[in-house]
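Undergrad: Provided below: run-v2.cif, containing mmCIF, C-alpha atoms and all ligand atoms.
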```cif
data_structure
loop_
_atom_site.label_atom_id
_atom_site.label_comp_id
_atom_site.auth_asym_id
_atom_site.auth_seq_id
_atom_site.Cartn_x
_atom_site.Cartn_y
_atom_site.Cartn_z
CA MET A 1 -22.18 -28.98 -20.33
CA ARG A 2 -25.68 -27.58 -20.62
CA VAL A 3 -27.36 -27.09 -17.28
CA GLY A 4 -31.01 -26.25 -16.64
CA ILE A 5 -31.86 -24.34 -13.46
CA PHE A 6 -35.51 -24.56 -12.45
CA GLY A 7 -36.40 -22.36 -9.49
CA GLY A 8 -39.70 -22.43 -7.64
CA THR A 9 -41.46 -22.96 -4.36
CA PHE A 10 -42.51 -26.49 -5.30
CA ASP A 11 -45.16 -26.48 -2.60
CA PRO A 12 -45.74 -29.25 -3.69
CA VAL A 13 -43.90 -30.28 -6.86
CA HIS A 14 -46.53 -31.35 -9.43
CA VAL A 15 -46.80 -32.86 -12.89
CA GLY A 16 -46.76 -29.40 -14.49
CA HIS A 17 -43.28 -28.79 -13.10
CA LEU A 18 -42.09 -32.17 -14.32
CA GLN A 19 -43.48 -31.59 -17.78
CA VAL A 20 -41.79 -28.19 -17.98
CA ALA A 21 -38.44 -29.72 -16.94
CA GLU A 22 -38.82 -32.61 -19.39
CA ALA A 23 -39.67 -30.30 -22.29
CA ALA A 24 -36.72 -28.03 -21.51
CA GLU A 25 -34.39 -31.02 -21.18
CA SER A 26 -35.35 -32.48 -24.52
CA LEU A 27 -35.73 -29.23 -26.51
CA PHE A 28 -32.37 -27.88 -25.44
CA SER A 29 -30.49 -31.17 -24.99
CA LEU A 30 -29.74 -30.32 -21.38
CA ASP A 31 -27.26 -32.59 -19.63
CA ARG A 32 -28.72 -31.83 -16.22
CA VAL A 33 -31.72 -30.04 -14.78
CA TYR A 34 -31.43 -28.75 -11.21
CA PHE A 35 -34.66 -28.10 -9.35
CA VAL A 36 -33.90 -25.25 -6.94
CA PRO A 37 -36.52 -24.97 -4.19
CA ALA A 38 -36.73 -21.53 -2.62
CA GLY A 39 -36.28 -21.20 1.12
CA ARG A 40 -38.27 -18.01 1.46
CA PRO A 41 -39.39 -16.96 -2.01
CA PRO A 42 -38.87 -13.20 -2.31
CA HIS A 43 -41.54 -12.71 -4.96
CA LYS A 44 -44.43 -14.49 -3.23
CA GLN A 45 -46.64 -12.85 -0.65
CA SER A 46 -46.98 -15.89 1.53
CA LEU A 47 -44.42 -18.17 3.05
CA PRO A 48 -44.32 -21.75 1.77
CA HIS A 49 -46.87 -24.00 3.47
CA ALA A 50 -44.73 -27.11 3.68
CA SER A 51 -41.30 -26.92 5.30
CA ALA A 52 -38.14 -26.76 3.24
CA TRP A 53 -37.39 -30.35 4.28
CA ASP A 54 -40.76 -31.60 3.06
CA ARG A 55 -40.52 -29.71 -0.23
CA PHE A 56 -37.00 -31.03 -0.74
CA ALA A 57 -38.09 -34.61 0.06
CA MET A 58 -41.02 -34.40 -2.37
CA LEU A 59 -38.70 -33.14 -5.11
CA VAL A 60 -36.31 -36.02 -4.48
CA LEU A 61 -39.22 -38.47 -4.76
CA ALA A 62 -40.57 -36.78 -7.90
CA THR A 63 -37.19 -36.89 -9.65
CA LYS A 64 -36.04 -40.34 -8.59
CA GLY A 65 -35.35 -42.56 -11.54
CA ARG A 66 -34.54 -39.59 -13.76
CA ASP A 67 -30.80 -39.55 -14.18
CA ARG A 68 -30.61 -35.99 -15.46
CA PHE A 69 -32.81 -34.39 -12.78
CA PHE A 70 -31.21 -33.18 -9.54
CA VAL A 71 -32.43 -31.25 -6.52
CA SER A 72 -30.30 -28.38 -5.24
CA THR A 73 -30.22 -27.14 -1.65
CA ILE A 74 -28.45 -23.91 -2.56
CA GLU A 75 -31.37 -21.67 -1.53
CA LEU A 76 -32.24 -23.75 1.52
CA GLU A 77 -28.84 -23.39 3.12
CA THR A 78 -29.34 -19.78 4.09
CA GLU A 79 -31.71 -18.07 6.50
CA GLU A 80 -31.64 -15.02 4.23
CA LYS A 81 -34.03 -14.57 1.35
CA ALA A 82 -32.27 -15.93 -1.71
CA TYR A 83 -32.65 -13.83 -4.81
CA THR A 84 -32.45 -15.58 -8.16
CA VAL A 85 -29.74 -13.25 -9.42
CA ASP A 86 -27.50 -14.22 -6.50
CA THR A 87 -28.25 -17.90 -6.90
CA LEU A 88 -27.44 -17.78 -10.61
CA ALA A 89 -24.18 -15.92 -9.92
CA LYS A 90 -23.20 -18.62 -7.40
CA LEU A 91 -24.09 -21.41 -9.82
CA ARG A 92 -22.24 -19.64 -12.63
CA ALA A 93 -19.10 -19.64 -10.48
CA LEU A 94 -19.68 -23.23 -9.37
CA PHE A 95 -20.10 -24.68 -12.85
CA GLY A 96 -17.34 -22.59 -14.44
CA GLY A 97 -17.20 -20.67 -17.68
CA ASP A 98 -17.63 -23.67 -19.97
CA ALA A 99 -21.11 -24.52 -18.70
CA GLU A 100 -24.11 -23.07 -20.52
CA LEU A 101 -26.80 -22.20 -17.99
CA TYR A 102 -30.50 -22.19 -18.90
CA PHE A 103 -32.90 -20.71 -16.37
CA ILE A 104 -36.32 -22.37 -16.72
CA ILE A 105 -39.40 -20.33 -15.87
CA GLY A 106 -43.16 -20.49 -16.47
CA ALA A 107 -45.02 -17.80 -18.43
CA ASP A 108 -46.76 -16.47 -15.31
CA SER A 109 -43.50 -15.86 -13.44
CA PHE A 110 -41.90 -14.39 -16.55
CA GLU A 111 -44.69 -11.79 -16.69
CA GLU A 112 -43.28 -10.41 -13.43
CA ILE A 113 -39.60 -10.74 -14.23
CA THR A 114 -38.98 -6.98 -14.42
CA THR A 115 -39.86 -6.75 -10.70
CA TRP A 116 -37.12 -9.23 -9.74
CA LYS A 117 -33.90 -8.00 -8.18
CA ASP A 118 -31.36 -6.86 -10.83
CA TYR A 119 -33.48 -8.47 -13.50
CA GLU A 120 -31.38 -7.26 -16.43
CA ARG A 121 -28.32 -8.94 -14.94
CA LEU A 122 -30.25 -12.22 -14.77
CA PHE A 123 -30.12 -12.42 -18.54
CA SER A 124 -26.35 -12.04 -18.60
CA LEU A 125 -25.94 -14.94 -16.20
CA ALA A 126 -28.09 -17.50 -18.03
CA ASN A 127 -30.16 -18.15 -21.10
CA PHE A 128 -33.88 -18.19 -20.38
CA ILE A 129 -36.36 -20.91 -21.30
CA VAL A 130 -39.86 -19.50 -20.80
CA MET A 131 -42.49 -22.22 -20.89
CA SER A 132 -46.16 -21.76 -21.80
CA ARG A 133 -48.81 -22.17 -19.13
CA PRO A 134 -52.61 -22.38 -19.70
CA GLU A 135 -54.43 -19.05 -19.49
CA ARG A 136 -51.14 -17.16 -19.42
CA SER A 137 -49.78 -15.34 -22.41
CA LEU A 138 -46.24 -15.88 -23.52
CA GLU A 139 -45.37 -12.21 -23.75
CA PHE A 140 -42.16 -10.24 -23.90
CA LYS A 141 -43.49 -6.72 -24.47
CA HIS A 142 -42.59 -5.86 -20.89
CA LEU A 143 -38.88 -6.29 -21.61
CA PRO A 144 -36.69 -3.34 -22.63
CA PRO A 145 -35.67 -3.25 -26.35
CA SER A 146 -32.14 -4.56 -25.66
CA LEU A 147 -33.63 -7.75 -24.22
CA ARG A 148 -36.52 -7.98 -26.68
CA GLU A 149 -34.09 -8.44 -29.52
CA GLN A 150 -32.66 -11.51 -27.80
CA VAL A 151 -36.03 -13.27 -27.79
CA MET A 152 -36.68 -16.25 -30.02
CA GLU A 153 -40.21 -17.67 -30.19
CA LEU A 154 -40.45 -21.41 -30.73
CA SER A 155 -43.68 -22.84 -32.06
CA ALA A 156 -45.17 -26.02 -30.60
CA GLY A 157 -43.30 -29.05 -31.87
CA GLN A 158 -40.30 -27.04 -33.00
CA THR A 159 -36.99 -28.57 -32.07
CA ALA A 160 -34.97 -25.82 -30.48
CA ARG A 161 -31.33 -25.32 -31.05
CA PRO A 162 -29.95 -22.15 -29.54
CA GLU A 163 -28.84 -19.68 -32.16
CA ARG A 164 -26.29 -16.97 -31.70
CA GLY A 165 -27.84 -13.68 -30.66
CA HIS A 166 -30.81 -15.33 -28.95
CA ARG A 167 -30.77 -15.91 -25.24
CA ILE A 168 -34.45 -15.88 -24.31
CA TYR A 169 -36.54 -18.70 -25.72
CA LEU A 170 -40.33 -18.63 -25.54
CA CYS A 171 -41.55 -22.22 -25.84
CA ARG A 172 -45.12 -23.36 -26.44
CA ALA A 173 -44.25 -26.94 -25.60
CA VAL A 174 -46.33 -27.36 -22.43
CA SER A 175 -50.03 -27.07 -21.73
CA ASN A 176 -50.53 -28.41 -18.25
CA GLU A 177 -53.10 -26.99 -15.84
CA ALA A 178 -51.49 -28.24 -12.64
CA SER A 179 -50.93 -25.59 -9.99
CA ALA A 180 -49.66 -25.94 -6.45
CA THR A 181 -52.38 -23.62 -5.16
CA ALA A 182 -55.13 -25.76 -6.70
CA ILE A 183 -53.53 -28.91 -5.28
CA ARG A 184 -53.38 -27.44 -1.77
CA ASP A 185 -57.02 -26.32 -2.13
CA ALA A 186 -58.03 -29.83 -3.19
CA ILE A 187 -56.28 -31.45 -0.23
CA ARG A 188 -57.83 -29.01 2.20
CA SER A 189 -61.28 -29.73 0.92
CA GLY A 190 -60.75 -33.48 0.83
CA ARG A 191 -60.68 -33.88 -2.96
CA ALA A 192 -58.35 -36.34 -4.69
CA ILE A 193 -55.11 -35.10 -6.19
CA ASP A 194 -54.42 -38.21 -8.27
CA GLY A 195 -52.84 -37.26 -11.54
CA TRP A 196 -51.64 -33.85 -10.31
CA VAL A 197 -48.64 -35.21 -8.41
CA VAL A 198 -46.68 -38.42 -8.93
CA PRO A 199 -47.77 -41.34 -6.70
CA ASP A 200 -44.72 -41.16 -4.41
CA VAL A 201 -45.42 -37.49 -3.74
CA ALA A 202 -49.11 -38.19 -3.12
CA GLY A 203 -48.09 -40.92 -0.63
CA TYR A 204 -45.70 -38.53 1.11
CA ILE A 205 -48.35 -35.81 1.40
CA THR A 206 -50.80 -38.31 2.93
CA LYS A 207 -48.27 -39.88 5.27
CA TYR A 208 -47.05 -36.56 6.67
CA ARG A 209 -50.50 -34.95 6.56
CA LEU A 210 -49.30 -31.97 4.55
CA TYR A 211 -51.64 -29.14 3.53
CA VAL A 212 -54.66 -30.44 5.45
CA ASN A 213 -55.04 -27.55 7.83
CA ILE A 214 -53.91 -24.45 6.11
CA ASP A 215 -55.54 -21.14 5.60
CA GLU A 216 -54.01 -19.55 2.50
CA ALA A 217 -55.29 -16.10 3.45
CA ASN A 218 -53.73 -16.09 6.88
CA ILE A 219 -50.25 -17.28 6.07
CA ARG A 220 -48.28 -14.14 5.34
CA SER A 221 -44.66 -13.24 5.44
CA GLU A 222 -43.84 -11.05 8.40
CA ASN A 223 -42.52 -8.45 5.99
CA GLU A 224 -45.70 -7.94 4.07
CA THR A 225 -46.52 -4.29 4.28
CA SER A 226 -47.19 -3.53 0.63
CA HIS A 227 -49.63 -5.14 -1.75
CA THR A 228 -47.00 -7.15 -3.55
CA GLN A 229 -43.61 -8.25 -2.41
CA HIS A 230 -41.11 -8.21 -5.19
CA GLU A 231 -37.75 -9.80 -5.60
CA ARG A 232 -36.07 -6.43 -5.67
CA ARG A 233 -34.30 -5.87 -2.39
CA PRO A 234 -35.41 -2.60 -0.75
CA VAL A 235 -32.83 0.15 -1.17
CA ASP A 236 -32.22 0.47 2.54
CA CYS A 237 -31.00 -3.11 2.79
CA HIS A 238 -27.29 -3.48 1.96
P1 LIG B 301 -48.53 -21.63 -6.89
O1 LIG B 301 -49.83 -22.15 -7.43
O2 LIG B 301 -48.38 -21.78 -5.41
O3 LIG B 301 -48.20 -20.24 -7.40
P2 LIG B 301 -47.01 -23.03 -8.91
O4 LIG B 301 -47.85 -24.19 -9.29
O5 LIG B 301 -46.97 -21.86 -9.86
O6 LIG B 301 -47.38 -22.56 -7.44
P3 LIG B 301 -44.20 -22.72 -8.36
O7 LIG B 301 -43.35 -23.59 -7.50
O8 LIG B 301 -44.50 -21.37 -7.90
O9 LIG B 301 -45.55 -23.56 -8.63
O10 LIG B 301 -43.62 -22.70 -9.83
C1 LIG B 301 -42.24 -22.82 -10.14
C2 LIG B 301 -42.07 -22.48 -11.61
O11 LIG B 301 -42.80 -23.40 -12.41
C3 LIG B 301 -42.59 -21.09 -11.98
O12 LIG B 301 -41.70 -20.52 -12.95
C4 LIG B 301 -43.95 -21.37 -12.61
O13 LIG B 301 -44.30 -20.38 -13.54
C5 LIG B 301 -43.70 -22.72 -13.28
N1 LIG B 301 -44.91 -23.53 -13.39
C6 LIG B 301 -45.62 -24.06 -12.38
N2 LIG B 301 -46.65 -24.78 -12.83
C7 LIG B 301 -46.60 -24.69 -14.19
C8 LIG B 301 -47.44 -25.23 -15.24
N3 LIG B 301 -48.52 -25.96 -14.98
N4 LIG B 301 -47.07 -24.94 -16.52
C9 LIG B 301 -45.98 -24.18 -16.79
N5 LIG B 301 -45.18 -23.64 -15.83
C10 LIG B 301 -45.47 -23.90 -14.55
#
```
Let's see the structure in the file written out as C-alpha cells.
TA:
Amino acid sequence: MRVGIFGGTFDPVHVGHLQVAEAAESLFSLDRVYFVPAGRPPHKQSLPHASAWDRFAMLVLATKGRDRFFVSTIELETEEKAYTVDTLAKLRALFGGDAELYFIIGADSFEEITTWKDYERLFSLANFIVMSRPERSLEFKHLPPSLREQVMELSAGQTARPERGHRIYLCRAVSNEASATAIRDAIRSGRAIDGWVVPDVAGYITKYRLYVNIDEANIRSENETSHTQHERRPVDCH
C-alpha cells in the first residue's frame, strides 16, 4: 500500500492544501492520503489560531466525499509537541514494513527542513514529495550530498513513477496561491474568502466565528525566546 502523509497546521485547510494532496495522490498512485494536523507545531512561532477540534472538523469537511483522503488525530492526542520524525516513526510501525510512506510537503516548508528535528532520519522513514508553491523556489541545495543524490526533479505534467535510488521528488504540479495566513487576514478585515476554502469549510468558519478577532502579532508560543523556533528539540530536553 502506498500512503501519503500530509502534515500541517491547517489553520484553516484551504484549496492549496487540497490541490497538493490531489496532485500527490494522482502522480504517485497513492492508495490513501492522511492529513495530519499538528497540535502544537514545533516549527511555527505562533500557536494555531483555531483549536485542534476546529481544525480537525474543517479537515473532515474538506475531505468528505474523497474516499482516499483521511484525517489523522495522531498529533492531536498528545499534550507534547509532536515532531514529524516521531510521527513518521509511529506511522511506519503502524502501517508495517510493506507500506510505502510518502511525506508530502510544500516548497516553503522544505526550504527549512534541515532545521527540523533529526531531519536526516526523516528521509529514511519516508519518501518525500515536495510540491511547488508560488514565489517559492523548489530547491535542494541546502541538503547534504548524500540526500541530494536521492532527489528526482519532475517537470510539470510528468507522470511520476518512483525509481530506485530516488526518494525525494520535487514536483512542479501545483501553482496555487492560497495561504492560511492570507485567509485569516481576509476574514479579520471582512473580505470574502470564497474560492480559497471549500464551501463547507467557509460555512463552518462563519458559523463558529473563527478568525474574526485575532491579532497575529500577539499570539506567540510561551516558549518563544529566540527569533525562530525550530523543530529540533533543545539538547537539554530528553
Ligand atoms: P500559513 O500561511 O499559516 O503558514 P499555510 O497556508 O502554509 O499556512 P500550513 O498548514 O502551514 O498552511 O501548510 C501545510 C503544508 O502545506 C506545508 O508543507 C506547506 O508548505 C504546504 N502548503 C500550504 N499551502 C500551499 C500552497 N498553496 N501550495 C503548495 N503547498 C502549500
Undergrad: Return as a PyMOL selection string the residues of protein, DNA or RNA that approach ligand LIG 301 (chain B) to within 7 Å, with all atoms listed in the file taken into account.
TA: chain A and resi 6-11+13+16-17+20+104-109+131-134+174-182
Undergrad: Between A:Arg148, A:Arg209, A:Arg68, A:Arg32, which residue has the minimum interatomic distance to A:Arg188, considering all atoms listed in the file?
TA: A:Arg209
Undergrad: In Å, with one decimal, what is the gap from atom CA of A:Glu75 to atom CA of A:Ser137?
TA: 28.5 Å
Undergrad: Do you have, as a Markdown table, the list of residues of stretch 147-208 of chain A lying at most 12 Å from stretch 50-64 of chain A, each with its nearest atom pair and that distance in Å to one decimal, counting all atoms listed in the file and ordered by chain then number?
TA:
```
| residue | atom | partner | partner_atom | distance |
| --- | --- | --- | --- | --- |
| A:Ala180 | CA | A:Ala50 | CA | 11.3 |
| A:Arg184 | CA | A:Ala50 | CA | 10.2 |
| A:Trp196 | CA | A:Ala62 | CA | 11.7 |
| A:Val197 | CA | A:Ala62 | CA | 8.2 |
| A:Val198 | CA | A:Ala62 | CA | 6.4 |
| A:Pro199 | CA | A:Ala62 | CA | 8.6 |
| A:Asp200 | CA | A:Leu61 | CA | 6.1 |
| A:Val201 | CA | A:Met58 | CA | 5.5 |
| A:Ala202 | CA | A:Met58 | CA | 9.0 |
| A:Gly203 | CA | A:Met58 | CA | 9.8 |
| A:Tyr204 | CA | A:Met58 | CA | 7.1 |
| A:Ile205 | CA | A:Met58 | CA | 8.4 |
| A:Thr206 | CA | A:Met58 | CA | 11.8 |
| A:Lys207 | CA | A:Asp54 | CA | 11.4 |
| A:Tyr208 | CA | A:Asp54 | CA | 8.8 |
```
Undergrad: Which distance in Å separates atom CA of A:His49 and atom CA of A:Asp185, to one decimal?
TA: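 Between these atoms lies a distance of 11.8 Å.
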Undergrad: What is the atom CA of A:Lys81-atom CA of A:Tyr211 distance in Å, reported with one decimal?
TA: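 About the pair atom CA of A:Lys81 and atom CA of A:Tyr211: they are 23.0 Å apart.
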Undergrad: Can you tell me which residues surround A:Leu147 at a distance of at most 9 Å, considering all atoms listed in the file, apart from same-chain residues fewer than 2 positions away, and format the answer as an NGL selection string?
TA: :A and (120 or 123 or 140 or 143-145 or 149-151 or 167-168)
Undergrad: Write a file of the just-selected residues containing C-alpha atoms, as a compact mmCIF listing (two decimals), in the coordinates of the input.
TA:
```txt
# COMPACT_ATOMS: atom_id res chain seq x y z
CA GLU A 120 -31.38 -7.26 -16.43
CA PHE A 123 -30.12 -12.42 -18.54
CA PHE A 140 -42.16 -10.24 -23.90
CA LEU A 143 -38.88 -6.29 -21.61
CA PRO A 144 -36.69 -3.34 -22.63
CA PRO A 145 -35.67 -3.25 -26.35
CA GLU A 149 -34.09 -8.44 -29.52
CA GLN A 150 -32.66 -11.51 -27.80
CA VAL A 151 -36.03 -13.27 -27.79
CA ARG A 167 -30.77 -15.91 -25.24
CA ILE A 168 -34.45 -15.88 -24.31
```
Undergrad: From the list A:Asp31, A:Lys141, A:Leu88, A:Leu18, which residue is nearest A:Phe128 when using only C-alpha atoms?
TA: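 The answer is A:Leu88, which sits nearest to A:Phe128.
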Undergrad: Would you place a box with edges along x, y and z of the file around all atoms of stretch 188-197 of chain A listed there, add 4 Å to each of its six sides, and report the centre and edge lengths in Å to one decimal, as lines of an AutoDock Vina configuration file?
TA:
```
center_x = -55.0
center_y = -33.6
center_z = -4.7
size_x = 20.6
size_y = 17.2
size_z = 21.7
```
